[in-house]
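J.: First the structure, then my questions, so here it is.
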Amino acid sequence: MEGFWAVFFPVLRVWFTCLVVLIMLPAMFGISLGITETYMKILIKTLEWATHRIQRASRAEEILKHSASNGLIQRDNSSLEQEIEELRRDRPKSADHGDFTLSDVLYFTRRGIESIVEDDVTQRFTSEELVSWNLLTRTNNNFQYISLRLTVLWGVGVVVRYCILLPLRITLTAIGLSWLVIGTTMVGFLPNFRVKGWLSELVHLMCYRICARGLSATIHYHNKQNRPKRGGICVANHTSPIDVVILANDGCYAMVGQVHGGLMGVVQRAMERSCPHIWFERAEMKDRHLVTQRLRDHVNDKTKLPILIFPEGTCINNTSVMMFKKGSFEIGGTIYPVAIKYDPQFGDAFWNSSKYSMVSYLLRMMTSWAIVCNVWYLPPMAQKEGEDAVQFANRVKSTIAQQGGLVDLAWDGGLKRAKVKDSFKEQQQKKYSHMVVGDDSSD
Amino acid sequence: MGSRASSLLREEDIEEIKKETGFSHSQITRLYSRFHSLDKGENGALSREDFQRIPELAINPLGDRIINAFFPEGEDQVNFRGFMRTLAHFRPVEDNEKNKDLTSGEPLNSRTNKLHFAFQLYDLDRDDKISRDELLQVLRMMVGVNISDEQLGSIADRTIQEADTNGDMCISFSEFTKVLEKVDVEQKMSIRFLH
């Protein structure tokens, strides 16, 4: 036993020093020593080799079926009116007043069955299917045993991820968070305003950079000239809580959110000391006017940092962008849209909050290969004349969807938990009624 | 650990389903993934609530009738075999040319069976006749509150009059088939699979 400890402590010391010198310090100052790049290169080569083996071993037909972007069925996008007219094609037509035929029901039936086989919404709340296996068990949905070498590689991968990368990442994150709390508290004691602001930004940036290293995150920023400025509102698509770390790595934002207890609460209070964020009590969040007013006050003060808001309101699996809630777009102020797209090959960043708690989610993040993502800063947008908040929100959403290569959906992200509103069914019923009675419906 | 959805489906089961429904191997495995993702309770069977969770189906005026078609008389759960059996009605008819090893008897996706599926959407009490009442109920589902009772009643009467040939004021399956003889049922009640 004695011998073990005698060896263990020096090893620990060496390891710790390496950590600080090679990873933490460069991270804090935004310099890269190239370690992550080398790691990524090795990883990419390994995954390519694995994909090659899988393709060689299994039948070609199996690979075809796993094209993630292809749907299972082909759907028509023709309207209710068009389809029902076609169904009624062979009946004598009465021009102005409508008609009912027994065949009308075929339209609704087919639409219904199509949505049972494949629908646009429910697939957005689970992780994206991968085209080829990336040697993580968690994505092993449809891949069976292929060869011994691949299994050995997978085993090596498990050892590397759980025994080397995981402790490393946990340490880094712990350091990052503690530094955030200590640093911001220290800055909070300073009286002078301008230096304080500058220092606070520095502390925040350093901490987020350490945290990003703690996830082995490789982030590519595009169009940095469009970066959000003070007095503006930054909106982005939401995939996971890590989005905050990703964005804050390259700029300073004022966070908006609910007051939490526990560790999060400590972090929140510390951050509040060094620069103004917007934290709401749970009860306050229900009062929409209060929320809008506080956000508006913050935005109007041009010395304060831009607000970061995720208008979807919930995490979506990064294949699509769902309805943007109009609240953020009613505040006024310039909107800076940002599109975030993760590369699922190296690690799935989506937080399925109904399946995993925050802690197990973070553990999964830290045992993935890496987090690779692209961030596009889009040119600022403002509400046009005669455009209401909903239309403005949809316009911003389309821009983000287009840039990120995501599907633009009008469905509400809240459908993850809530039932769909009856008004949509009533809309369809109304349309159909017009076809049955023509223009003289008895409303 | 991630769940291995397709490994819960054995090869023998896939072969049996293939014979019964005519779906291909890859279609069956993908539909099994879909079945599994809808099965929130993870008990190998779907309930009516599981179907209702699909927003596009929940807003379909005939959503409840379609969901009902999956459940046999008096049952509340449908397993994968039952799921596939119902979906098989919507397989395109041309595919029958490729699969010659179907069980004898009519394939599930024949024109007659497709029409029978549509007939059962109207036939609420499963007595092989569409009565005036049943027709009214289904009509009411499709139009919501936008048409008055009298107007709807006269539409139902007219429809029965046009279809009824034996004077019993109900529509039987053969009368139903006659009314729809010119409609391209094979195409309108088929789902195009991409693989």
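Letters for chains follow the order of the structure tokens (A, B, ...), residue numbers begin at 1 for each chain, and ligand numbers begin at 1 in the order shown.
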Report as a PyMOL selection string the set of chain B residues whose atoms approach chain A to within 7 Å, with distances computed over only C-alpha atoms.
T.: chain B and resi 1-6+26+34+54-57+59-63+66+118+142-144+146-148+180+182-183+188-189+191-195
J.: Write out as a list in words each polymer residue whose atoms come within 10 Å of A:His260, counting only C-alpha atoms; drop sequence neighbours fewer than 5 positions from it.
T.: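 With the cut-off at 10 Å, the set is Gly265, Val266, Val267, Gln268, Arg269, Trp279, Phe280, Glu281 and Arg282 of chain A.
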J.: Write the selection just made, keeping C-alpha atoms, as a compact mmCIF listing (two decimals), in the first residue's frame?
T.:
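What landed in out.txt:
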```
# COMPACT_ATOMS: atom_id res chain seq x y z
CA GLY A 265 -27.24 29.27 -8.14
CA VAL A 266 -23.74 29.86 -6.83
CA VAL A 267 -22.45 30.34 -10.35
CA GLN A 268 -25.31 32.64 -11.23
CA ARG A 269 -24.82 34.86 -8.21
CA TRP A 279 -32.03 36.23 -13.76
CA PHE A 280 -35.72 35.78 -13.09
CA GLU A 281 -37.48 34.22 -10.17
CA ARG A 282 -39.83 31.44 -11.17
```
J.: As a VMD selection string, please: every residue in stretch 20-141 of chain B that DSSP puts in strand (DSSP E or B).
T.: chain B and resid 45 to 46 78 to 79 129 to 130
J.: Can you pull out the residues contacting stretch 112-114 of chain B? Cut-off 9 Å, using only C-alpha atoms, and skip same-chain residues under 5 positions away; I want them as JSON, numbers by chain.
T.: {"B": [89, 90, 106, 107, 119, 177, 185, 186, 189, 190]}
J.: Pull N, CA and C atoms from the residues just selected and write them as a short mmCIF file (atom, residue, chain, number, x, y, z; two decimals), in the first residue's frame.
T.:
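Dumped to result.cif:
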```cif
data_model
loop_
_atom_site.label_atom_id
_atom_site.label_comp_id
_atom_site.auth_asym_id
_atom_site.auth_seq_id
_atom_site.Cartn_x
_atom_site.Cartn_y
_atom_site.Cartn_z
N HIS B 89 -51.82 -2.72 -45.70
CA HIS B 89 -52.87 -2.32 -46.63
C HIS B 89 -52.42 -1.20 -47.54
N PHE B 90 -51.40 -0.44 -47.07
CA PHE B 90 -51.00 0.74 -47.82
C PHE B 90 -49.75 0.54 -48.65
N GLU B 106 -55.56 -13.57 -51.03
CA GLU B 106 -55.33 -12.21 -51.50
C GLU B 106 -54.32 -11.47 -50.63
N PRO B 107 -53.39 -10.77 -51.25
CA PRO B 107 -52.45 -9.97 -50.45
C PRO B 107 -53.21 -8.84 -49.74
N PHE B 119 -63.85 1.26 -46.00
CA PHE B 119 -65.22 0.97 -45.58
C PHE B 119 -65.31 0.93 -44.06
N THR B 177 -68.19 -0.50 -52.87
CA THR B 177 -67.22 -0.77 -53.93
C THR B 177 -67.71 -0.19 -55.26
N VAL B 185 -58.11 3.77 -56.42
CA VAL B 185 -57.86 3.43 -55.01
C VAL B 185 -56.43 2.93 -54.81
N GLU B 186 -55.93 2.18 -55.81
CA GLU B 186 -54.57 1.63 -55.65
C GLU B 186 -53.56 2.74 -55.41
N MET B 189 -54.53 5.10 -52.02
CA MET B 189 -54.34 4.49 -50.71
C MET B 189 -53.03 3.74 -50.66
N SER B 190 -52.00 4.31 -51.23
CA SER B 190 -50.68 3.68 -51.15
C SER B 190 -49.67 4.69 -50.67
#
```
J.: Do you know which residues are at most 12 Å from A:Ala174 counting only C-alpha atoms, after dropping those on the same chain fewer than 5 positions away, and could you put them as a list in words?
T.: Met24, Pro167, Leu168, Arg169, Trp179, Leu180, Val181, Cys207, Tyr208, Ile210, Cys211, Ala212, Arg213, Gly214, Leu215 and Leu263 of chain A
J.: Restrict the selected residues to N, CA, C and O atoms and save them as an mmCIF file, in the first residue's frame.
T.:
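Once written, again.cif looks like this:
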```cif
data_model
loop_
_atom_site.group_PDB
_atom_site.id
_atom_site.type_symbol
_atom_site.label_atom_id
_atom_site.label_comp_id
_atom_site.auth_asym_id
_atom_site.auth_seq_id
_atom_site.Cartn_x
_atom_site.Cartn_y
_atom_site.Cartn_z
ATOM 1 N N MET A 24 -4.516 24.338 -19.686
ATOM 2 C CA MET A 24 -5.239 25.439 -19.053
ATOM 3 C C MET A 24 -4.691 26.796 -19.441
ATOM 4 O O MET A 24 -5.428 27.681 -19.865
ATOM 5 N N PRO A 167 -11.508 11.762 -16.774
ATOM 6 C CA PRO A 167 -10.955 12.474 -15.614
ATOM 7 C C PRO A 167 -10.360 13.811 -16.002
ATOM 8 O O PRO A 167 -10.523 14.808 -15.305
ATOM 9 N N LEU A 168 -9.697 13.816 -17.149
ATOM 10 C CA LEU A 168 -9.105 15.057 -17.647
ATOM 11 C C LEU A 168 -10.164 16.138 -17.786
ATOM 12 O O LEU A 168 -10.021 17.276 -17.322
ATOM 13 N N ARG A 169 -11.271 15.734 -18.424
ATOM 14 C CA ARG A 169 -12.290 16.735 -18.698
ATOM 15 C C ARG A 169 -12.995 17.192 -17.439
ATOM 16 O O ARG A 169 -13.330 18.371 -17.296
ATOM 17 N N TRP A 179 -12.807 28.802 -11.166
ATOM 18 C CA TRP A 179 -12.178 30.040 -11.586
ATOM 19 C C TRP A 179 -13.230 31.097 -11.884
ATOM 20 O O TRP A 179 -13.087 32.263 -11.562
ATOM 21 N N LEU A 180 -14.330 30.664 -12.495
ATOM 22 C CA LEU A 180 -15.400 31.607 -12.801
ATOM 23 C C LEU A 180 -15.927 32.231 -11.512
ATOM 24 O O LEU A 180 -16.049 33.450 -11.395
ATOM 25 N N VAL A 181 -16.221 31.364 -10.549
ATOM 26 C CA VAL A 181 -16.805 31.876 -9.307
ATOM 27 C C VAL A 181 -15.817 32.786 -8.582
ATOM 28 O O VAL A 181 -16.159 33.904 -8.184
ATOM 29 N N CYS A 207 -12.721 31.513 -18.425
ATOM 30 C CA CYS A 207 -13.438 30.377 -17.850
ATOM 31 C C CYS A 207 -14.136 29.569 -18.919
ATOM 32 O O CYS A 207 -14.081 28.343 -18.933
ATOM 33 N N TYR A 208 -14.796 30.239 -19.858
ATOM 34 C CA TYR A 208 -15.500 29.488 -20.893
ATOM 35 C C TYR A 208 -14.536 28.737 -21.791
ATOM 36 O O TYR A 208 -14.829 27.657 -22.286
ATOM 37 N N ILE A 210 -11.714 27.438 -20.816
ATOM 38 C CA ILE A 210 -11.314 26.230 -20.093
ATOM 39 C C ILE A 210 -12.419 25.181 -20.166
ATOM 40 O O ILE A 210 -12.172 24.000 -20.396
ATOM 41 N N CYS A 211 -13.644 25.637 -19.985
ATOM 42 C CA CYS A 211 -14.763 24.690 -20.063
ATOM 43 C C CYS A 211 -14.858 24.055 -21.441
ATOM 44 O O CYS A 211 -15.166 22.875 -21.580
ATOM 45 N N ALA A 212 -14.582 24.848 -22.463
ATOM 46 C CA ALA A 212 -14.651 24.303 -23.814
ATOM 47 C C ALA A 212 -13.580 23.234 -24.016
ATOM 48 O O ALA A 212 -13.825 22.211 -24.651
ATOM 49 N N ARG A 213 -12.394 23.476 -23.447
ATOM 50 C CA ARG A 213 -11.373 22.433 -23.501
ATOM 51 C C ARG A 213 -11.811 21.223 -22.716
ATOM 52 O O ARG A 213 -11.466 20.097 -23.012
ATOM 53 N N GLY A 214 -12.611 21.517 -21.681
ATOM 54 C CA GLY A 214 -13.114 20.418 -20.868
ATOM 55 C C GLY A 214 -14.078 19.522 -21.624
ATOM 56 O O GLY A 214 -14.425 18.447 -21.184
ATOM 57 N N LEU A 215 -14.524 19.974 -22.782
ATOM 58 C CA LEU A 215 -15.398 19.138 -23.591
ATOM 59 C C LEU A 215 -14.721 18.723 -24.876
ATOM 60 O O LEU A 215 -15.346 18.129 -25.741
ATOM 61 N N LEU A 263 -25.573 24.425 -7.062
ATOM 62 C CA LEU A 263 -24.331 24.851 -7.725
ATOM 63 C C LEU A 263 -24.604 25.919 -8.777
ATOM 64 O O LEU A 263 -23.896 26.930 -8.862
#
```
J.: Which residues come within 6 Å of stretch 71-78 of chain B, counting only C-alpha atoms, excluding same-chain residues fewer than 2 positions away, as a list of chain:residue names?
T.: B:Ala45, B:Leu46, B:Ser47, B:Asn68, B:Ala69, B:Gly82
J.: When you look at stretch 149-158 of chain B with a cut-off of 8 Å (counting only C-alpha atoms), what residues show up, excluding the ones that are within fewer than 3 positions of it in the same chain? I need them as number ranges by chain.
T.: A: 100; B: 132, 135-136, 139-140, 161-162
J.: Which parts of stretch 2-67 of chain B does DSSP call helix (DSSP H, G or I) when run on the backbone here, written out as a VMD selection string?
T.: chain B and resid 5 to 8 11 to 21 25 to 38 48 to 52 55 to 58 63 to 67
